[in-house]
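Notes follow once the structure below has been shown.
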Amino acid sequence: MNKIVLITGASSGIGLTTAKYLHSIGYKVIGISRSYPKEEYTFDYHLCDITDEKKVMEVAKNIENIYGHIDVLINCAGMGISGAIENTPLKEVEQIYKVNVIGQFLVAKNMLSLLRMSNHGKMINMSSIASEIALPYQAFYSMTKASIDAFTKALAIEVKPFKIQVCAILPGDIKTDFTKNRMQPYQVSNDLYEERTKRSLKRMEKDELNGMEPIRIAKKVEKLIRKKRMPLSTTVGFSYKTIRVLNKLLPEELVQKIVRKLYG
Ligand SMILES: NC(=O)c1ccc[n+]([C@@H]2O[C@H](COP(=O)([O-])OP(=O)(O)OC[C@H]3O[C@@H](n4cnc5c(N)ncnc54)[C@H](OP(=O)(O)O)[C@@H]3O)[C@@H](O)[C@H]2O)c1
């Protein structure tokens with residue numbers, strides 16, 4: 001029987017590419033986000049704001065009625081904000097936590113019973129290399145992704161008795177609408193961080209626009225689905241694998257120095 005895969009954030013970027021790829025090779029795919037994909041798609045779709053628990057519960061009920069269970073949940077929906085910590089208004093911080101942390105929790109919470117029914121369920125959470133390498137002027141993004149890594153590790157232990165595996169993918173720079181959709185720095189008068197924020201953001205945007213194609217992540221996801229045992233966390237591409245190893249081996253001060261040189 002074809003595996004049933006539920007993907008959040010399936011209207012664009014990594015989520016859409018993964019949904020289309022998995023569907024094209026025979027998986028039954030259900031996509032979720034607040035809007036429909038702007039390009040043609042042939043998989044099942046539910047409109048749902050993942051920060052709205054009532055809506056998430058409705059979608060879970062619908063999926064249960066139609067499919068009975070899911071085999072894989074891919075938590076891909078997410079957003080970014082930029083700007084200096086001192087300048088960031090509380091409501092922007094609340095917004096990114098609502099989507100990247102609370103939203104992923106709400107989807108995971110309400111879909112776990114469907115994953116349990118699969119008997120070999122897998123959950124793949126989209127984190128970021130920025131969870132391990134904290135980025136200046138994107139602190140809240142790094143913070144939410146670090147939360148996803150912790151969430152993944154804790155949940156993996158809790159659901160192991162149900163034969164559900166949980167894994168976080170930590171992609172580096174990927175060429176998607178994420179760059180365009182990122183909330184821009186909040187304007188303040190006499191901004192002491194303005195120049196540095198602009199320079200840092202310009203570099204990040206350039207790296208993302210020259211980044212990997214999202215199909216690389218889609219293929220990694222498929223590999224993880226086929227794997228007997230998923231790792232707790234993983235990344236894609238030799239350079240990002242190297243960055244993760246160096247980050248563990250090098251003294252913290254040296255890593256900080258490199259990050260400051262690149263993005264500070
Ligand atoms: N691009 C990168 O360089 C990069 C690197 C590392 C990690 N990531 C992570 O990969 C994931 C996907 O990012 P992407 O690059 O594909 O960006 P993207 O093209 O901007 O896609 C973001 C997706 O999240 C959905 N979304 C946002 N808020 C939502 C909400 N409240 N409810 C439901 N869906 C919501 C959006 O759909 P709607 O607007 O239709 O709701 C969209 O489908 C994110 O978690 C991101 O942090 C990206």
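Residue numbering restarts at 1 in every chain; chains get A, B, ... in the order shown in the structure tokens, and ligands count up from 1 in that same order.
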Item to check | Residue neighbourhood segment 240-252 of chain A, 12 Å, only C-alpha atoms, exclusion window fewer than 3 positions, as JSON, numbers by chain | outcome: {"A": [128, 129, 130, 131, 132, 133, 134, 169, 170, 171, 172, 173, 174, 211, 212, 233, 234, 235, 236, 237, 255, 256, 257, 258, 259]}
Serialized selection, N, CA, C and O atoms, as a compact mmCIF listing (two decimals), in the first residue's frame:
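The resulting file, result.txt, is reproduced below:
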```txt
# COMPACT_ATOMS: atom_id res chain seq x y z
N SER A 128 16.56 24.11 11.02
CA SER A 128 17.47 24.90 10.18
C SER A 128 18.87 24.81 10.77
O SER A 128 19.02 24.61 11.99
N ILE A 129 19.87 24.98 9.93
CA ILE A 129 21.25 25.02 10.43
C ILE A 129 21.38 26.20 11.42
O ILE A 129 22.21 26.20 12.31
N ALA A 130 20.47 27.20 11.25
CA ALA A 130 20.47 28.37 12.14
C ALA A 130 20.03 28.03 13.56
O ALA A 130 20.06 28.88 14.44
N SER A 131 19.60 26.78 13.78
CA SER A 131 19.26 26.39 15.15
C SER A 131 20.53 26.12 15.94
O SER A 131 20.60 26.36 17.14
N GLU A 132 21.56 25.63 15.25
CA GLU A 132 22.83 25.31 15.93
C GLU A 132 23.82 26.46 15.84
O GLU A 132 24.66 26.63 16.71
N ILE A 133 23.74 27.24 14.73
CA ILE A 133 24.61 28.41 14.58
C ILE A 133 23.70 29.62 14.74
O ILE A 133 23.01 30.02 13.78
N ALA A 134 23.65 30.19 15.92
CA ALA A 134 22.71 31.30 16.17
C ALA A 134 23.10 32.52 15.33
O ALA A 134 24.25 32.98 15.38
N ILE A 169 15.28 17.95 10.26
CA ILE A 169 16.22 18.27 9.17
C ILE A 169 16.67 19.70 9.39
O ILE A 169 15.86 20.60 9.62
N LEU A 170 17.98 19.93 9.27
CA LEU A 170 18.54 21.27 9.46
C LEU A 170 19.11 21.77 8.13
O LEU A 170 20.33 21.70 7.92
N PRO A 171 18.26 22.26 7.22
CA PRO A 171 18.80 22.71 5.94
C PRO A 171 19.62 23.99 6.10
O PRO A 171 19.44 24.75 7.06
N GLY A 172 20.51 24.20 5.15
CA GLY A 172 21.23 25.47 5.06
C GLY A 172 20.44 26.41 4.17
O GLY A 172 19.21 26.47 4.28
N ASP A 173 21.13 27.13 3.28
CA ASP A 173 20.43 28.09 2.41
C ASP A 173 19.73 27.37 1.26
O ASP A 173 20.35 26.65 0.50
N ILE A 174 18.41 27.61 1.16
CA ILE A 174 17.62 27.00 0.10
C ILE A 174 16.92 28.11 -0.68
O ILE A 174 16.38 29.05 -0.08
N GLY A 211 21.34 29.63 -3.05
CA GLY A 211 21.33 28.37 -2.27
C GLY A 211 20.90 27.16 -3.08
O GLY A 211 20.69 27.22 -4.29
N MET A 212 20.75 26.08 -2.35
CA MET A 212 20.36 24.79 -2.93
C MET A 212 18.93 24.82 -3.47
O MET A 212 18.10 25.55 -2.93
N SER A 233 18.65 13.94 13.98
CA SER A 233 18.80 15.18 13.20
C SER A 233 19.74 14.93 12.04
O SER A 233 20.60 14.04 12.11
N THR A 234 19.56 15.72 10.99
CA THR A 234 20.40 15.56 9.81
C THR A 234 20.37 16.85 9.00
O THR A 234 19.53 17.71 9.23
N THR A 235 21.33 16.97 8.07
CA THR A 235 21.29 18.12 7.16
C THR A 235 21.49 17.61 5.74
O THR A 235 21.54 16.41 5.52
N VAL A 236 21.58 18.53 4.80
CA VAL A 236 21.73 18.13 3.40
C VAL A 236 22.92 18.87 2.80
O VAL A 236 23.00 20.10 2.92
N GLY A 237 23.81 18.14 2.16
CA GLY A 237 24.96 18.75 1.47
C GLY A 237 26.22 18.66 2.29
O GLY A 237 26.20 18.81 3.52
N VAL A 255 33.87 29.82 16.90
CA VAL A 255 32.66 29.77 16.07
C VAL A 255 31.99 31.16 16.07
O VAL A 255 31.59 31.68 15.03
N GLN A 256 31.92 31.76 17.25
CA GLN A 256 31.32 33.11 17.36
C GLN A 256 32.07 34.11 16.48
O GLN A 256 31.47 34.94 15.81
N LYS A 257 33.40 34.00 16.46
CA LYS A 257 34.25 34.91 15.69
C LYS A 257 33.93 34.77 14.19
O LYS A 257 33.79 35.76 13.47
N ILE A 258 33.80 33.51 13.76
CA ILE A 258 33.51 33.25 12.33
C ILE A 258 32.13 33.81 11.97
O ILE A 258 31.97 34.50 10.96
N VAL A 259 31.14 33.54 12.82
CA VAL A 259 29.78 34.02 12.55
C VAL A 259 29.77 35.56 12.52
O VAL A 259 29.12 36.19 11.68
```
Each residue of chain A lying at most 6 Å from ligand 1 should get a row with its shortest atom-to-atom pair and the distance in Å to one decimal, counting only C-alpha atoms and all ligand atoms; could you produce that, ordered by chain and increasing number, as a Markdown table?
```
| residue | atom | partner | partner_atom_place_in_ligand_line | distance |
| --- | --- | --- | --- | --- |
| A:Gly9 | CA | ligand 1 | 43 (O) | 3.3 |
| A:Ala10 | CA | ligand 1 | 43 (O) | 4.6 |
| A:Ser11 | CA | ligand 1 | 43 (O) | 3.9 |
| A:Ser12 | CA | ligand 1 | 43 (O) | 4.4 |
| A:Gly13 | CA | ligand 1 | 16 (O) | 3.3 |
| A:Ile14 | CA | ligand 1 | 16 (O) | 3.8 |
| A:Gly15 | CA | ligand 1 | 16 (O) | 5.5 |
| A:Ser33 | CA | ligand 1 | 34 (N) | 3.8 |
| A:Arg34 | CA | ligand 1 | 41 (O) | 3.5 |
| A:Ser35 | CA | ligand 1 | 40 (O) | 3.7 |
| A:Cys48 | CA | ligand 1 | 33 (C) | 5.7 |
| A:Asp49 | CA | ligand 1 | 32 (N) | 3.6 |
| A:Ile50 | CA | ligand 1 | 32 (N) | 4.0 |
| A:Thr51 | CA | ligand 1 | 31 (N) | 5.4 |
| A:Cys76 | CA | ligand 1 | 11 (C) | 4.6 |
| A:Ala77 | CA | ligand 1 | 24 (O) | 3.4 |
| A:Gly78 | CA | ligand 1 | 45 (O) | 3.5 |
| A:Met79 | CA | ligand 1 | 47 (O) | 5.4 |
| A:Val99 | CA | ligand 1 | 31 (N) | 5.2 |
| A:Met126 | CA | ligand 1 | 45 (O) | 5.2 |
| A:Ser127 | CA | ligand 1 | 7 (C) | 5.6 |
| A:Ser128 | CA | ligand 1 | 6 (C) | 4.1 |
| A:Pro171 | CA | ligand 1 | 6 (C) | 4.4 |
| A:Gly172 | CA | ligand 1 | 5 (C) | 5.0 |
| A:Asp173 | CA | ligand 1 | 3 (O) | 3.8 |
| A:Ile174 | CA | ligand 1 | 3 (O) | 3.7 |
| A:Lys175 | CA | ligand 1 | 1 (N) | 5.7 |
| A:Thr176 | CA | ligand 1 | 15 (O) | 4.8 |
| A:Asp177 | CA | ligand 1 | 19 (O) | 4.1 |
| A:Phe178 | CA | ligand 1 | 20 (O) | 3.6 |
| A:Asn181 | CA | ligand 1 | 20 (O) | 5.5 |
| A:Glu208 | CA | ligand 1 | 3 (O) | 5.3 |
```
Checklist entry - Which of these residues is nearest to Pro214 of chain A, using only C-alpha atoms: A:Ile7, A:Val59, A:Ala19, A:Leu73? => result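 Nearest candidate to Pro214 of chain A out of A:Ile7, A:Val59, A:Ala19, A:Leu73: A:Ala19.
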Contacts of Ile70 of chain A within 8 Å, only C-alpha atoms, excl. fewer than 4 positions in-chain, as a PDB file with N, CA and C atoms, in the first residue's frame:
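Saved as out.pdb:
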```pdb
ATOM      1  N   LYS A   3       2.317   4.781   0.945  1.00  0.00           N
ATOM      2  CA  LYS A   3       2.361   5.489   2.224  1.00  0.00           C
ATOM      3  C   LYS A   3       1.597   6.811   2.131  1.00  0.00           C
ATOM      4  N   ILE A   4       0.950   7.191   3.237  1.00  0.00           N
ATOM      5  CA  ILE A   4       0.199   8.446   3.276  1.00  0.00           C
ATOM      6  C   ILE A   4       1.037   9.485   4.010  1.00  0.00           C
ATOM      7  N   VAL A   5       1.302  10.602   3.309  1.00  0.00           N
ATOM      8  CA  VAL A   5       2.194  11.632   3.857  1.00  0.00           C
ATOM      9  C   VAL A   5       1.433  12.948   3.997  1.00  0.00           C
ATOM     10  N   LEU A   6       1.482  13.522   5.181  1.00  0.00           N
ATOM     11  CA  LEU A   6       0.875  14.839   5.408  1.00  0.00           C
ATOM     12  C   LEU A   6       1.989  15.882   5.503  1.00  0.00           C
ATOM     13  N   LEU A 114      -3.124   9.709  14.567  1.00  0.00           N
ATOM     14  CA  LEU A 114      -3.183   9.171  13.192  1.00  0.00           C
ATOM     15  C   LEU A 114      -1.868   8.462  12.843  1.00  0.00           C
ATOM     16  N   LEU A 115      -0.760   9.018  13.326  1.00  0.00           N
ATOM     17  CA  LEU A 115       0.552   8.398  13.085  1.00  0.00           C
ATOM     18  C   LEU A 115       0.647   7.071  13.835  1.00  0.00           C
ATOM     19  N   MET A 117      -1.688   5.044  14.437  1.00  0.00           N
ATOM     20  CA  MET A 117      -2.467   4.011  13.756  1.00  0.00           C
ATOM     21  C   MET A 117      -1.694   3.373  12.614  1.00  0.00           C
ATOM     22  N   SER A 118      -0.605   4.033  12.183  1.00  0.00           N
ATOM     23  CA  SER A 118       0.188   3.493  11.083  1.00  0.00           C
ATOM     24  C   SER A 118       1.071   2.342  11.553  1.00  0.00           C
ATOM     25  N   GLY A 121       4.925   4.977  12.234  1.00  0.00           N
ATOM     26  CA  GLY A 121       4.843   6.394  11.858  1.00  0.00           C
ATOM     27  C   GLY A 121       6.188   7.121  11.913  1.00  0.00           C
TER      28      GLY A 121
END
```
What residues in segment 21-152 of chain A get the DSSP label strand (DSSP E or B)? Please answer as a PDB file with N, CA, C and O atoms, in the first residue's frame.
```pdb
ATOM      1  N   LYS A  28       0.804   8.835  -1.340  1.00  0.00           N
ATOM      2  CA  LYS A  28      -0.458   9.586  -1.230  1.00  0.00           C
ATOM      3  C   LYS A  28      -0.122  10.814  -0.408  1.00  0.00           C
ATOM      4  O   LYS A  28       0.334  10.679   0.736  1.00  0.00           O
ATOM      5  N   VAL A  29      -0.336  11.999  -0.985  1.00  0.00           N
ATOM      6  CA  VAL A  29       0.115  13.219  -0.306  1.00  0.00           C
ATOM      7  C   VAL A  29      -1.076  14.114   0.061  1.00  0.00           C
ATOM      8  O   VAL A  29      -1.989  14.314  -0.739  1.00  0.00           O
ATOM      9  N   ILE A  30      -1.035  14.623   1.287  1.00  0.00           N
ATOM     10  CA  ILE A  30      -2.036  15.601   1.737  1.00  0.00           C
ATOM     11  C   ILE A  30      -1.254  16.862   2.109  1.00  0.00           C
ATOM     12  O   ILE A  30      -0.345  16.802   2.945  1.00  0.00           O
ATOM     13  N   GLY A  31      -1.602  17.979   1.483  1.00  0.00           N
ATOM     14  CA  GLY A  31      -0.913  19.241   1.777  1.00  0.00           C
ATOM     15  C   GLY A  31      -1.758  20.131   2.667  1.00  0.00           C
ATOM     16  O   GLY A  31      -2.990  20.059   2.653  1.00  0.00           O
ATOM     17  N   ILE A  32      -1.090  20.961   3.446  1.00  0.00           N
ATOM     18  CA  ILE A  32      -1.766  21.911   4.338  1.00  0.00           C
ATOM     19  C   ILE A  32      -1.063  23.250   4.263  1.00  0.00           C
ATOM     20  O   ILE A  32       0.165  23.304   4.284  1.00  0.00           O
ATOM     21  N   SER A  33      -1.824  24.322   4.158  1.00  0.00           N
ATOM     22  CA  SER A  33      -1.307  25.670   4.472  1.00  0.00           C
ATOM     23  C   SER A  33      -2.479  26.648   4.412  1.00  0.00           C
ATOM     24  O   SER A  33      -3.611  26.224   4.176  1.00  0.00           O
ATOM     25  N   ASP A  44      -3.983  15.902  -2.595  1.00  0.00           N
ATOM     26  CA  ASP A  44      -5.086  16.373  -1.751  1.00  0.00           C
ATOM     27  C   ASP A  44      -4.638  17.629  -0.981  1.00  0.00           C
ATOM     28  O   ASP A  44      -3.470  17.736  -0.618  1.00  0.00           O
ATOM     29  N   TYR A  45      -5.563  18.547  -0.743  1.00  0.00           N
ATOM     30  CA  TYR A  45      -5.153  19.792  -0.073  1.00  0.00           C
ATOM     31  C   TYR A  45      -6.193  20.273   0.940  1.00  0.00           C
ATOM     32  O   TYR A  45      -7.388  20.224   0.667  1.00  0.00           O
ATOM     33  N   HIS A  46      -5.721  20.738   2.080  1.00  0.00           N
ATOM     34  CA  HIS A  46      -6.621  21.323   3.089  1.00  0.00           C
ATOM     35  C   HIS A  46      -6.105  22.700   3.462  1.00  0.00           C
ATOM     36  O   HIS A  46      -4.924  22.835   3.789  1.00  0.00           O
ATOM     37  N   LEU A  47      -6.994  23.693   3.432  1.00  0.00           N
ATOM     38  CA  LEU A  47      -6.586  25.018   3.906  1.00  0.00           C
ATOM     39  C   LEU A  47      -6.603  24.984   5.426  1.00  0.00           C
ATOM     40  O   LEU A  47      -7.586  24.554   6.030  1.00  0.00           O
ATOM     41  N   VAL A  72       3.382   9.346   7.522  1.00  0.00           N
ATOM     42  CA  VAL A  72       4.465  10.326   7.700  1.00  0.00           C
ATOM     43  C   VAL A  72       3.862  11.719   7.870  1.00  0.00           C
ATOM     44  O   VAL A  72       2.956  12.108   7.129  1.00  0.00           O
ATOM     45  N   LEU A  73       4.379  12.454   8.856  1.00  0.00           N
ATOM     46  CA  LEU A  73       4.012  13.866   9.010  1.00  0.00           C
ATOM     47  C   LEU A  73       5.274  14.700   8.769  1.00  0.00           C
ATOM     48  O   LEU A  73       6.297  14.479   9.425  1.00  0.00           O
ATOM     49  N   ILE A  74       5.189  15.631   7.824  1.00  0.00           N
ATOM     50  CA  ILE A  74       6.331  16.519   7.579  1.00  0.00           C
ATOM     51  C   ILE A  74       5.928  17.925   8.000  1.00  0.00           C
ATOM     52  O   ILE A  74       5.074  18.555   7.371  1.00  0.00           O
ATOM     53  N   ASN A  75       6.507  18.389   9.101  1.00  0.00           N
ATOM     54  CA  ASN A  75       6.206  19.725   9.621  1.00  0.00           C
ATOM     55  C   ASN A  75       7.117  20.724   8.936  1.00  0.00           C
ATOM     56  O   ASN A  75       8.254  20.912   9.348  1.00  0.00           O
ATOM     57  N   ILE A  81      11.929  36.155  10.542  1.00  0.00           N
ATOM     58  CA  ILE A  81      11.932  37.606  10.748  1.00  0.00           C
ATOM     59  C   ILE A  81      13.383  38.044  10.882  1.00  0.00           C
ATOM     60  O   ILE A  81      14.246  37.244  11.230  1.00  0.00           O
ATOM     61  N   LYS A 122       6.288   8.134  11.068  1.00  0.00           N
ATOM     62  CA  LYS A 122       7.503   8.967  11.087  1.00  0.00           C
ATOM     63  C   LYS A 122       7.101  10.434  11.060  1.00  0.00           C
ATOM     64  O   LYS A 122       6.193  10.816  10.321  1.00  0.00           O
ATOM     65  N   MET A 123       7.800  11.239  11.882  1.00  0.00           N
ATOM     66  CA  MET A 123       7.573  12.680  11.854  1.00  0.00           C
ATOM     67  C   MET A 123       8.897  13.363  11.507  1.00  0.00           C
ATOM     68  O   MET A 123       9.920  13.087  12.128  1.00  0.00           O
ATOM     69  N   ILE A 124       8.841  14.230  10.497  1.00  0.00           N
ATOM     70  CA  ILE A 124      10.057  14.943  10.072  1.00  0.00           C
ATOM     71  C   ILE A 124       9.810  16.436  10.258  1.00  0.00           C
ATOM     72  O   ILE A 124       8.877  16.997   9.672  1.00  0.00           O
ATOM     73  N   ASN A 125      10.612  17.053  11.129  1.00  0.00           N
ATOM     74  CA  ASN A 125      10.412  18.470  11.452  1.00  0.00           C
ATOM     75  C   ASN A 125      11.452  19.331  10.737  1.00  0.00           C
ATOM     76  O   ASN A 125      12.650  19.057  10.845  1.00  0.00           O
ATOM     77  N   MET A 126      10.984  20.387  10.044  1.00  0.00           N
ATOM     78  CA  MET A 126      11.922  21.257   9.329  1.00  0.00           C
ATOM     79  C   MET A 126      12.512  22.264  10.306  1.00  0.00           C
ATOM     80  O   MET A 126      11.868  23.212  10.715  1.00  0.00           O
TER      81      MET A 126
END
```
Checklist entry - Between A:Gln104, A:Thr8, A:Ser200, A:Asn210, which is the closest to Asp149 of chain A once you count only C-alpha atoms? => result A:Gln104
Next on the checklist: If we count only C-alpha atoms and set the cut-off at 12 Å, which residues sit around segment 183-197 of chain A, ignoring sequence neighbours fewer than 6 positions away in its own chain? Please answer as a ChimeraX atom specification.
Outcome noted: /A:78-93,95-96,135-141,177,203-205,260-264
Checklist entry - Hey, what's within 9 Å of Met111 of chain A if we count only C-alpha atoms and toss same-chain stuff fewer than 2 positions away? As a list in words, please? => result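 Everything that qualifies: Val56, Met57, Ala60, His69, Ile70, Leu73, Leu106, Val107, Ala108, Lys109, Ser113, Leu114, Leu115 and Arg116 of chain A.
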Checklist entry - Tell me, which residues of segment 61-251 of chain A carry DSSP helix (DSSP H, G or I), written as a PyMOL selection string? => result chain A and resi 61-67+85-87+90-116+129-131+139-162+178-181+194-209+215-226+238-249
Item to check | Minimum-distance residue to Lys61 of chain A, chosen among A:Lys206, A:Pro37, A:Asn110, A:Thr42 (using only C-alpha atoms) | outcome: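 For Lys61 of chain A, the nearest of the candidates is A:Asn110.
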Item to check | Near-Thr144 of chain A list (7 Å; only C-alpha atoms; drop same-chain fewer than 5 positions) as a list in words | outcome: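 Contacts, in chain order: Tyr97, Asn100 and Val101 of chain A.
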